[in-house]
file data.csv (CSV, C-alpha atoms)
chain,number,residue,atom,x,y,z
P,1,MET,CA,15.0,-21.2,-11.3
P,2,ASN,CA,11.9,-22.9,-10.1
P,3,ASP,CA,12.1,-21.1,-6.8
P,4,LEU,CA,12.3,-17.8,-8.7
P,5,ASN,CA,9.1,-18.7,-10.6
P,6,GLU,CA,7.3,-19.6,-7.3
P,7,ILE,CA,8.4,-16.3,-5.7
P,8,TYR,CA,7.2,-14.3,-8.7
P,9,LYS,CA,3.8,-16.2,-8.8
P,10,SER,CA,3.1,-15.7,-5.1
P,11,LEU,CA,4.4,-12.1,-4.6
P,12,ALA,CA,3.8,-10.3,-8.0
P,13,ARG,CA,0.2,-9.6,-7.3
P,14,PRO,CA,0.6,-8.1,-3.8
P,15,LEU,CA,3.6,-6.2,-5.0
P,16,TYR,CA,1.6,-4.8,-8.0
P,17,LYS,CA,-1.3,-3.7,-5.7
P,18,TYR,CA,1.2,-2.0,-3.4
P,19,VAL,CA,2.8,-0.1,-6.3
P,20,LEU,CA,-0.5,0.7,-7.9
P,21,ARG,CA,-1.6,2.3,-4.6
P,22,LEU,CA,1.5,4.5,-4.8
P,23,SER,CA,1.4,5.4,-8.4
P,24,HIS,CA,-2.3,5.4,-9.2
P,25,ASN,CA,-1.4,4.2,-12.7
P,26,GLU,CA,-1.6,0.6,-14.0
P,27,SER,CA,1.1,0.8,-16.6
P,28,THR,CA,3.5,2.6,-14.2
P,29,ALA,CA,2.8,-0.1,-11.6
P,30,GLU,CA,3.4,-2.9,-14.1
P,31,GLU,CA,6.7,-1.3,-15.1
P,32,ILE,CA,7.9,-0.8,-11.6
P,33,VAL,CA,7.0,-4.4,-10.6
P,34,GLN,CA,9.1,-5.6,-13.5
P,35,GLN,CA,12.0,-3.4,-12.6
P,36,THR,CA,11.7,-4.5,-9.0
P,37,PHE,CA,12.0,-8.2,-9.8
P,38,TYR,CA,14.8,-7.4,-12.2
P,39,LYS,CA,16.7,-5.6,-9.4
P,40,ALA,CA,15.9,-8.3,-6.9
P,41,VAL,CA,17.3,-11.0,-9.1
P,42,LYS,CA,20.3,-8.9,-10.0
P,43,HIS,CA,21.0,-8.2,-6.3
P,44,ALA,CA,19.7,-11.4,-4.7
P,45,ASP,CA,23.0,-11.9,-3.0
P,46,LYS,CA,22.3,-8.7,-0.9
P,47,PHE,CA,19.1,-10.2,0.6
P,48,ASN,CA,20.2,-11.4,4.0
P,49,GLY,CA,16.9,-12.9,5.1
P,50,GLY,CA,16.5,-10.2,7.9
P,51,CYS,CA,12.9,-9.6,6.7
P,52,ALA,CA,10.3,-11.3,4.6
P,53,VAL,CA,10.9,-11.4,0.8
P,54,LEU,CA,7.7,-9.3,0.2
P,55,THR,CA,9.0,-6.6,2.6
P,56,TRP,CA,12.3,-6.5,0.7
P,57,LEU,CA,10.6,-6.3,-2.6
P,58,CYS,CA,8.3,-3.5,-1.4
P,59,GLU,CA,11.3,-1.5,-0.3
P,60,ILE,CA,12.9,-2.0,-3.7
P,61,ALA,CA,9.6,-1.0,-5.4
P,62,LYS,CA,9.2,2.1,-3.3
P,63,ASN,CA,12.7,3.2,-4.2
P,64,GLU,CA,12.0,2.5,-7.9
P,65,TYR,CA,8.8,4.5,-7.7
P,66,LEU,CA,10.6,7.5,-6.1
P,67,ASN,CA,13.2,7.3,-8.8
P,68,HIS,CA,10.4,7.2,-11.4
P,69,CYS,CA,8.8,10.3,-9.9
P,70,LYS,CA,12.0,12.2,-9.9
P,71,LYS,CA,12.6,11.4,-13.6
P,72,SER,CA,9.0,12.1,-14.7
P,73,GLU,CA,7.7,15.6,-15.2
P,74,ASN,CA,4.1,14.2,-15.2
P,75,LEU,CA,4.2,12.8,-11.7
P,76,ASN,CA,4.1,14.7,-8.5
P,77,ILE,CA,6.4,13.3,-5.7
P,78,ASP,CA,3.8,14.5,-3.2
P,79,ASP,CA,1.4,11.9,-4.5
P,80,PHE,CA,3.6,9.3,-2.8
P,81,ALA,CA,2.3,10.2,0.6
P,82,GLU,CA,-1.4,10.4,-0.5
P,83,LEU,CA,-3.6,7.5,0.3
P,84,SER,CA,-5.8,6.2,-2.4
P,85,ALA,CA,-8.6,4.4,-0.6
P,86,GLY,CA,-11.1,7.0,-1.8
P,87,SER,CA,-12.4,4.9,-4.6
P,88,TYR,CA,-13.5,2.2,-2.1
P,89,ILE,CA,-15.1,4.7,0.3
P,90,GLU,CA,-16.9,6.5,-2.5
P,91,LYS,CA,-18.3,3.3,-3.8
P,92,SER,CA,-19.6,2.2,-0.4
P,93,ALA,CA,-21.0,5.6,0.7
P,94,GLU,CA,-24.3,6.7,-0.7
P,95,ASP,CA,-23.7,10.3,0.2
P,96,LYS,CA,-20.9,12.0,-1.7
P,97,GLU,CA,-20.4,14.5,1.1
P,98,THR,CA,-19.9,11.7,3.6
P,99,ALA,CA,-17.5,9.9,1.2
P,100,ALA,CA,-15.5,13.1,0.8
P,101,ALA,CA,-15.4,13.6,4.6
P,102,ALA,CA,-14.3,10.0,5.2
P,103,LEU,CA,-11.6,10.3,2.6
P,104,GLU,CA,-10.4,13.5,4.2
P,105,GLU,CA,-10.2,11.8,7.6
P,106,LEU,CA,-8.4,8.9,6.1
P,107,LYS,CA,-5.8,11.2,4.7
P,108,LYS,CA,-5.3,12.7,8.1
P,109,LEU,CA,-4.4,9.4,9.7
P,110,PRO,CA,-0.8,9.2,10.9
P,111,GLU,CA,1.3,6.5,9.5
P,112,PRO,CA,1.3,3.6,9.6
P,113,TYR,CA,-2.5,3.7,10.1
P,114,GLY,CA,-3.3,5.2,6.8
P,115,GLN,CA,-1.1,2.8,4.8
P,116,VAL,CA,-2.4,-0.3,6.7
P,117,PHE,CA,-6.0,0.8,6.2
P,118,ALA,CA,-5.4,1.3,2.4
P,119,LEU,CA,-3.6,-2.0,2.0
P,120,ARG,CA,-6.4,-3.9,3.7
P,121,VAL,CA,-9.4,-2.1,2.2
P,122,GLU,CA,-8.3,-1.1,-1.2
P,123,ASP,CA,-5.6,-3.6,-2.0
P,124,GLU,CA,-7.3,-6.4,-0.2
P,125,LEU,CA,-4.1,-7.8,1.4
P,126,SER,CA,-4.4,-10.2,4.2
P,127,PHE,CA,-3.3,-9.2,7.7
P,128,ARG,CA,-0.4,-11.6,7.3
P,129,GLU,CA,0.7,-9.9,4.0
P,130,ILE,CA,0.4,-6.5,5.6
P,131,GLY,CA,2.5,-7.6,8.5
P,132,GLU,CA,5.1,-8.8,6.1
P,133,VAL,CA,5.2,-5.5,4.2
P,134,PHE,CA,5.9,-3.7,7.4
P,135,GLY,CA,8.2,-6.4,8.9
P,136,LYS,CA,5.7,-6.9,11.7
P,137,THR,CA,3.4,-9.6,12.9
P,138,GLU,CA,-0.1,-10.5,11.6
P,139,ASN,CA,-1.5,-9.5,14.9
P,140,TRP,CA,0.2,-6.0,14.7
P,141,ALA,CA,-1.5,-5.5,11.3
P,142,ARG,CA,-4.9,-6.5,12.8
P,143,VAL,CA,-4.6,-4.1,15.7
P,144,THR,CA,-3.3,-1.3,13.5
P,145,PHE,CA,-6.2,-1.7,11.0
P,146,TYR,CA,-8.7,-1.8,13.9
P,147,ARG,CA,-7.3,1.4,15.4
P,148,ALA,CA,-7.3,3.1,12.0
P,149,ARG,CA,-10.9,2.2,11.4
P,150,GLN,CA,-11.9,3.4,14.9
P,151,LYS,CA,-10.1,6.7,14.4
P,152,ILE,CA,-12.0,7.3,11.1
P,153,ILE,CA,-15.4,6.4,12.8
P,154,GLU,CA,-14.7,8.6,15.8
P,155,ARG,CA,-13.7,11.6,13.6
P,156,MET,CA,-16.7,11.1,11.4
P,157,GLU,CA,-19.0,11.0,14.4
P,158,GLU,CA,-17.4,14.2,15.8
P,159,ARG,CA,-18.2,15.9,12.4
P,160,GLY,CA,-21.8,14.8,12.7
P,161,TYR,CA,-21.8,11.9,10.3
P,162,GLY,CA,-23.5,8.7,11.5
P,163,MET,CA,-21.2,5.7,10.9
call {"tool": "encode", "arguments": {"input": "data.csv", "output": "structure tokens"}}
result
Amino acid sequence: MNDLNEIYKSLARPLYKYVLRLSHNESTAEEIVQQTFYKAVKHADKFNGGCAVLTWLCEIAKNEYLNHCKKSENLNIDDFAELSAGSYIEKSAEDKETAAAALEELKKLPEPYGQVFALRVEDELSFREIGEVFGKTENWARVTFYRARQKIIERMEERGYGM
């Protein structure tokens, strides 16, 4: 039981941030995190150790969120694919037009670049944690984030925005 408490203490926050980014709703994120841990405990025997625990939990949470979207009339399933790093960009950009253009470019990024960028900038996950979410290395997360950032800068410069 002590191991379960340690897992919850160390992984609940990154999992919550991941689900919040998907749902854009704090209460939905809290509910899904609780459901995720419940299912993880219930089906712990199915965890084979082939990936990091956080990666496994994120997969469960993603499925729970999709189920939630299917059941709810208020949520649009298309929101799942939309990145939500806009709040960070809008806060850091003085010009709203530039912020809107940067957000537009962020949304155009192919995956996994968009997700990695959002997890790092908005959710403030470490590169190690991002690597775990994707079942990759910390170095993979660093390189992917760098490439995403470079793509956004290049596209913004092509549009005439100084970055």
call {"tool": "residues_around", "arguments": {"input": "data.csv", "residues": "P:Cys51", "least_positions_apart": "5", "cutoff": "9 Å", "atoms": "all atoms listed in the file", "output": "MDAnalysis selection string"}}
result
chainID P and resid 56 132 135
call {"tool": "atom_distance", "arguments": {"input": "data.csv", "atom1": "atom CA of P:Tyr113", "atom2": "atom CA of P:Ile152"}}
result
10.2 Å
call {"tool": "atom_distance", "arguments": {"input": "data.csv", "atom1": "atom CA of P:Ile7", "atom2": "atom CA of P:Leu54"}}
result
9.2 Å
call {"tool": "atom_distance", "arguments": {"input": "data.csv", "atom1": "atom CA of P:Arg13", "atom2": "atom CA of P:Gln35"}}
result
14.3 Å
call {"tool": "closest_residue", "arguments": {"input": "data.csv", "among": "P:Ile60, P:Arg155, P:Tyr8, P:Ile32", "to": "P:Lys108", "atoms": "only C-alpha atoms"}}
result
P:Arg155
call {"tool": "residues_near_point", "arguments": {"input": "data.csv", "point": "(4.6, -1.7, -13.8)", "cutoff": "12 Å", "atoms": "all atoms listed in the file", "output": "VMD selection string"}}
result
chain P and resid 12 to 13 15 to 38 61 64 to 65 68
call {"tool": "write_last_selection", "arguments": {"input": "data.csv", "atoms": "C-alpha atoms", "output": "CSV table (one decimal), keeping the file's coordinate frame"}}
result
chain,number,residue,atom,x,y,z
P,12,ALA,CA,3.8,-10.3,-8.0
P,13,ARG,CA,0.2,-9.6,-7.3
P,15,LEU,CA,3.6,-6.2,-5.0
P,16,TYR,CA,1.6,-4.8,-8.0
P,17,LYS,CA,-1.3,-3.7,-5.7
P,18,TYR,CA,1.2,-2.0,-3.4
P,19,VAL,CA,2.8,-0.1,-6.3
P,20,LEU,CA,-0.5,0.7,-7.9
P,21,ARG,CA,-1.6,2.3,-4.6
P,22,LEU,CA,1.5,4.5,-4.8
P,23,SER,CA,1.4,5.4,-8.4
P,24,HIS,CA,-2.3,5.4,-9.2
P,25,ASN,CA,-1.4,4.2,-12.7
P,26,GLU,CA,-1.6,0.6,-14.0
P,27,SER,CA,1.1,0.8,-16.6
P,28,THR,CA,3.5,2.6,-14.2
P,29,ALA,CA,2.8,-0.1,-11.6
P,30,GLU,CA,3.4,-2.9,-14.1
P,31,GLU,CA,6.7,-1.3,-15.1
P,32,ILE,CA,7.9,-0.8,-11.6
P,33,VAL,CA,7.0,-4.4,-10.6
P,34,GLN,CA,9.1,-5.6,-13.5
P,35,GLN,CA,12.0,-3.4,-12.6
P,36,THR,CA,11.7,-4.5,-9.0
P,37,PHE,CA,12.0,-8.2,-9.8
P,38,TYR,CA,14.8,-7.4,-12.2
P,61,ALA,CA,9.6,-1.0,-5.4
P,64,GLU,CA,12.0,2.5,-7.9
P,65,TYR,CA,8.8,4.5,-7.7
P,68,HIS,CA,10.4,7.2,-11.4
call {"tool": "residues_around", "arguments": {"input": "data.csv", "residues": "P:Leu125", "least_positions_apart": "5", "cutoff": "9 Å", "atoms": "only C-alpha atoms", "output": "ChimeraX atom specification"}}
result
/P:14,17,119-120,130
call {"tool": "residues_around", "arguments": {"input": "data.csv", "residues": "P:Pro110", "least_positions_apart": "3", "cutoff": "12 Å", "atoms": "only C-alpha atoms", "output": "list in words"}}
result
Ala81, Glu82, Leu83, Glu105, Leu106, Lys107, Tyr113, Gly114, Gln115, Val116, Phe117, Thr144, Arg147, Ala148, Lys151 and Ile152 of chain P
call {"tool": "closest_residue", "arguments": {"input": "data.csv", "among": "P:Pro112, P:Leu103, P:Tyr161, P:Ala44", "to": "P:Val133", "atoms": "only C-alpha atoms"}}
result
P:Pro112
call {"tool": "closest_residue", "arguments": {"input": "data.csv", "among": "P:Ile153, P:Leu66, P:Ala52, P:Leu4", "to": "P:Arg128", "atoms": "only C-alpha atoms"}}
result
P:Ala52
call {"tool": "closest_residue", "arguments": {"input": "data.csv", "among": "P:Asn5, P:Asn63, P:Ser10, P:Gln150", "to": "P:Ala102", "atoms": "all atoms listed in the file"}}
result
P:Gln150
call {"tool": "closest_residue", "arguments": {"input": "data.csv", "among": "P:Leu11, P:Val143, P:Glu157, P:Ala101", "to": "P:Glu129", "atoms": "only C-alpha atoms"}}
result
P:Leu11
call {"tool": "closest_residue", "arguments": {"input": "data.csv", "among": "P:Glu104, P:Lys136, P:Cys69, P:Val121", "to": "P:Arg149", "atoms": "all atoms listed in the file"}}
result
P:Val121
